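Please read the structure below before turning to the comments.
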Amino acid sequence: MQEIEVKILEINKNELIEKLVNLWAKKVFDSEIYAEFYHSLNWEKIRLRKTNIWNFMTLKVKKNLDWVKSNREYETNFWDYETFVNILLISGFQKFWISKKYRVSYKLWNIVFDFDSIENIPDFVEVES
């Protein structure tokens with residue numbers, strides 16, 4: 001999937017959500033996300049994400065554009081988190097980062113607004129299309 005995203009830092013989350021709801025945006029996600037990041041010896045990167053509902057693996061291939069972040073993403077869901085981690089480790093990938101955040105997402109037309117809260121960081125929104 002082609003993804004273009006913009007992150008806006010230090011937002012007034014409640015005010016923005018209220019404006020989106022008034023435009024008929026629908027809440028599509030509301031949960032904590034635990035993520036582990038892995039890299040190969042060539043620094044190919046894979047992200048594993050876990051919520052109370054699903055597990056996802058994402059391989060992101062960067063496209064270099066000067067004015068916006070753009071990635072080609074390959075993503076799939078899976079059930080057995082620990083087995084998937086073992087497959088990565090056996091394949092030579094190494095864990096290099098862990099994160100935990102709370103996300104509330106709204107969708108308006110084909111635009112997704114992900115409102116993230118991470119400890120010790122001001123709230124921000126990621127807008128994707």
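Labeling convention for the structure tokens: chains A, B, ... as they appear, residues from 1 per chain, ligands from 1 in order of appearance.
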
Practice prompt. Tell me, as number ranges by chain, which residues lie within 6 Å of Lys50 of chain A, counting only C-alpha atoms; anything in the same chain fewer than 2 positions away does not count.
Written response: A: 33-34, 55

Compile the contact shell of Ile111 of chain A as an mmCIF file with all heavy atoms, in the first residue's frame: residues with an atom at most 7 Å away, counting only C-alpha atoms, same-chain residues fewer than 4 positions apart removed.
data_model
loop_
_atom_site.group_PDB
_atom_site.id
_atom_site.type_symbol
_atom_site.label_atom_id
_atom_site.label_comp_id
_atom_site.auth_asym_id
_atom_site.auth_seq_id
_atom_site.Cartn_x
_atom_site.Cartn_y
_atom_site.Cartn_z
ATOM 1 N N LYS A 107 -11.833 8.228 10.919
ATOM 2 C CA LYS A 107 -11.744 8.192 9.462
ATOM 3 C C LYS A 107 -12.771 9.153 8.879
ATOM 4 O O LYS A 107 -13.943 9.126 9.251
ATOM 5 C CB LYS A 107 -11.975 6.781 8.939
ATOM 6 C CG LYS A 107 -11.723 6.657 7.454
ATOM 7 C CD LYS A 107 -11.676 5.212 7.021
ATOM 8 C CE LYS A 107 -11.262 5.134 5.552
ATOM 9 N NZ LYS A 107 -11.101 3.762 5.121
ATOM 10 N N VAL A 127 -1.765 12.122 10.169
ATOM 11 C CA VAL A 127 -2.806 12.165 9.140
ATOM 12 C C VAL A 127 -2.294 11.370 7.965
ATOM 13 O O VAL A 127 -1.214 11.640 7.436
ATOM 14 C CB VAL A 127 -3.118 13.625 8.713
ATOM 15 C CG1 VAL A 127 -4.241 13.641 7.693
ATOM 16 C CG2 VAL A 127 -3.463 14.469 9.938
ATOM 17 N N GLU A 128 -3.056 10.337 7.559
ATOM 18 C CA GLU A 128 -2.628 9.431 6.486
ATOM 19 C C GLU A 128 -3.680 9.357 5.395
ATOM 20 O O GLU A 128 -4.866 9.372 5.667
ATOM 21 C CB GLU A 128 -2.423 8.015 7.029
ATOM 22 C CG GLU A 128 -1.368 7.869 8.051
ATOM 23 C CD GLU A 128 -1.229 6.434 8.534
ATOM 24 O OE1 GLU A 128 -1.467 5.516 7.728
ATOM 25 O OE2 GLU A 128 -0.880 6.250 9.693
ATOM 26 N N SER A 129 -3.191 9.218 4.192
ATOM 27 C CA SER A 129 -4.093 9.013 3.069
ATOM 28 C C SER A 129 -3.415 8.098 2.064
ATOM 29 O O SER A 129 -2.227 7.952 2.037
ATOM 30 C CB SER A 129 -4.433 10.346 2.420
ATOM 31 O OG SER A 129 -5.307 10.137 1.344
#

Practice prompt. Please provide as a PyMOL selection string all residues within 7 Å of Tyr102 of chain A, with the sequence filter that same-chain residues fewer than 6 positions apart are discarded (counting only C-alpha atoms).
Written response: chain A and resi 31-33+116-118

Give me, as JSON lines, the closest atom pair and its distance (Å, one decimal) for every residue of segment 17-72 of chain A within a cut-off of 7 Å of segment 89-93 of chain A, counting only C-alpha atoms, rows sorted by chain and rising number.
{"residue": "A:Tyr38", "atom": "CA", "partner": "A:Phe93", "partner_atom": "CA", "distance": 5.9}
{"residue": "A:His39", "atom": "CA", "partner": "A:Phe93", "partner_atom": "CA", "distance": 5.2}
{"residue": "A:Ser40", "atom": "CA", "partner": "A:Phe93", "partner_atom": "CA", "distance": 4.4}

Worksheet item: What does the distance between atom CA of Tyr81 of chain A and atom CA of Leu48 of chain A come to in Å, to one decimal place?
Response: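 Taking atom CA of Tyr81 of chain A as the start and atom CA of Leu48 of chain A as the end point, the length is 8.5 Å.
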
Item to complete: Can you list, as a ChimeraX atom specification, all residues belonging to chain A that DSSP tags as strand (DSSP E)?
Response: /A:2-9,26-39,45-50,55-63,69-78,94-108,111-118,121-128

Taking C-alpha atoms for each residue, export the selection above as a JSON list (two decimals), in the first residue's frame.
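Saved to result-v7.json:
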[["chain", "number", "residue", "atom", "x", "y", "z"],
["A", 2, "GLN", "CA", 1.27, 3.48, -0.87],
["A", 3, "GLU", "CA", 1.15, 5.69, 2.21],
["A", 4, "ILE", "CA", 1.59, 9.42, 2.61],
["A", 5, "GLU", "CA", 1.49, 10.80, 6.12],
["A", 6, "VAL", "CA", 1.99, 14.02, 8.02],
["A", 7, "LYS", "CA", 2.57, 14.26, 11.78],
["A", 8, "ILE", "CA", 1.41, 17.36, 13.63],
["A", 9, "LEU", "CA", 2.92, 17.78, 17.09],
["A", 26, "LYS", "CA", -16.19, 7.94, 12.47],
["A", 27, "LYS", "CA", -14.12, 6.47, 15.29],
["A", 28, "VAL", "CA", -12.44, 3.35, 13.89],
["A", 29, "PHE", "CA", -9.91, 2.45, 16.59],
["A", 30, "ASP", "CA", -9.39, 3.02, 20.33],
["A", 31, "SER", "CA", -6.69, 0.93, 22.07],
["A", 32, "GLU", "CA", -3.16, 0.69, 23.38],
["A", 33, "ILE", "CA", -0.53, -0.41, 20.83],
["A", 34, "TYR", "CA", 2.62, -2.28, 21.80],
["A", 35, "ALA", "CA", 5.29, -2.30, 19.08],
["A", 36, "GLU", "CA", 8.64, -3.97, 18.57],
["A", 37, "PHE", "CA", 11.03, -2.90, 15.83],
["A", 38, "TYR", "CA", 13.53, -5.26, 14.19],
["A", 39, "HIS", "CA", 16.28, -4.82, 11.61],
["A", 45, "LYS", "CA", 13.14, -2.81, 9.04],
["A", 46, "ILE", "CA", 10.13, -4.74, 10.30],
["A", 47, "ARG", "CA", 7.62, -3.52, 12.87],
["A", 48, "LEU", "CA", 5.45, -5.89, 14.91],
["A", 49, "ARG", "CA", 2.38, -4.35, 16.55],
["A", 50, "LYS", "CA", 0.09, -5.90, 19.13],
["A", 55, "ASN", "CA", -1.20, -8.45, 15.65],
["A", 56, "PHE", "CA", 0.36, -6.89, 12.53],
["A", 57, "MET", "CA", 3.74, -7.15, 10.83],
["A", 58, "THR", "CA", 4.81, -4.26, 8.60],
["A", 59, "LEU", "CA", 7.79, -4.02, 6.28],
["A", 60, "LYS", "CA", 8.29, -0.38, 5.24],
["A", 61, "VAL", "CA", 10.34, 0.49, 2.18],
["A", 62, "LYS", "CA", 11.12, 4.22, 2.12],
["A", 63, "LYS", "CA", 10.62, 6.36, -0.94],
["A", 69, "LYS", "CA", 7.37, 11.06, 4.08],
["A", 70, "SER", "CA", 6.33, 8.28, 1.72],
["A", 71, "ASN", "CA", 6.62, 4.52, 2.15],
["A", 72, "ARG", "CA", 5.72, 1.39, 0.28],
["A", 73, "GLU", "CA", 4.24, -0.87, 2.96],
["A", 74, "TYR", "CA", 3.86, -4.63, 3.03],
["A", 75, "GLU", "CA", 1.61, -5.63, 5.88],
["A", 76, "THR", "CA", -0.06, -8.77, 7.17],
["A", 77, "ASN", "CA", -1.84, -9.87, 10.31],
["A", 78, "PHE", "CA", -0.84, -12.94, 12.30],
["A", 94, "GLN", "CA", 17.58, -8.05, 15.79],
["A", 95, "LYS", "CA", 15.24, -6.09, 18.05],
["A", 96, "PHE", "CA", 16.31, -2.44, 18.30],
["A", 97, "TRP", "CA", 13.33, -0.59, 19.75],
["A", 98, "ILE", "CA", 10.14, -1.09, 21.78],
["A", 99, "SER", "CA", 7.30, 1.41, 22.13],
["A", 100, "LYS", "CA", 3.89, 1.65, 23.75],
["A", 101, "LYS", "CA", 1.24, 4.23, 22.95],
["A", 102, "TYR", "CA", -2.47, 4.86, 23.23],
["A", 103, "ARG", "CA", -4.17, 5.54, 19.89],
["A", 104, "VAL", "CA", -7.62, 6.82, 18.96],
["A", 105, "SER", "CA", -8.32, 6.89, 15.21],
["A", 106, "TYR", "CA", -11.01, 8.59, 13.16],
["A", 107, "LYS", "CA", -11.74, 8.19, 9.46],
["A", 108, "LEU", "CA", -13.14, 10.93, 7.24],
["A", 111, "ILE", "CA", -8.24, 10.09, 5.37],
["A", 112, "VAL", "CA", -7.30, 8.53, 8.70],
["A", 113, "PHE", "CA", -6.47, 10.68, 11.72],
["A", 114, "ASP", "CA", -4.47, 8.77, 14.36],
["A", 115, "PHE", "CA", -4.30, 10.60, 17.69],
["A", 116, "ASP", "CA", -1.39, 9.21, 19.71],
["A", 117, "SER", "CA", -0.50, 9.58, 23.38],
["A", 118, "ILE", "CA", 2.95, 8.45, 24.49],
["A", 121, "ILE", "CA", 5.65, 13.30, 24.82],
["A", 122, "PRO", "CA", 2.93, 15.86, 23.96],
["A", 123, "ASP", "CA", -0.04, 14.43, 22.08],
["A", 124, "PHE", "CA", 0.21, 14.42, 18.30],
["A", 125, "VAL", "CA", -1.85, 13.42, 15.28],
["A", 126, "GLU", "CA", -0.75, 11.46, 12.25],
["A", 127, "VAL", "CA", -2.81, 12.17, 9.14],
["A", 128, "GLU", "CA", -2.63, 9.43, 6.49]]

Worksheet item: Hey, what does DSSP flag as alpha helix (DSSP H) within segment 1-119 of chain A? Can you give it to me as a ChimeraX atom specification?
Response: /A:13-22,81-90
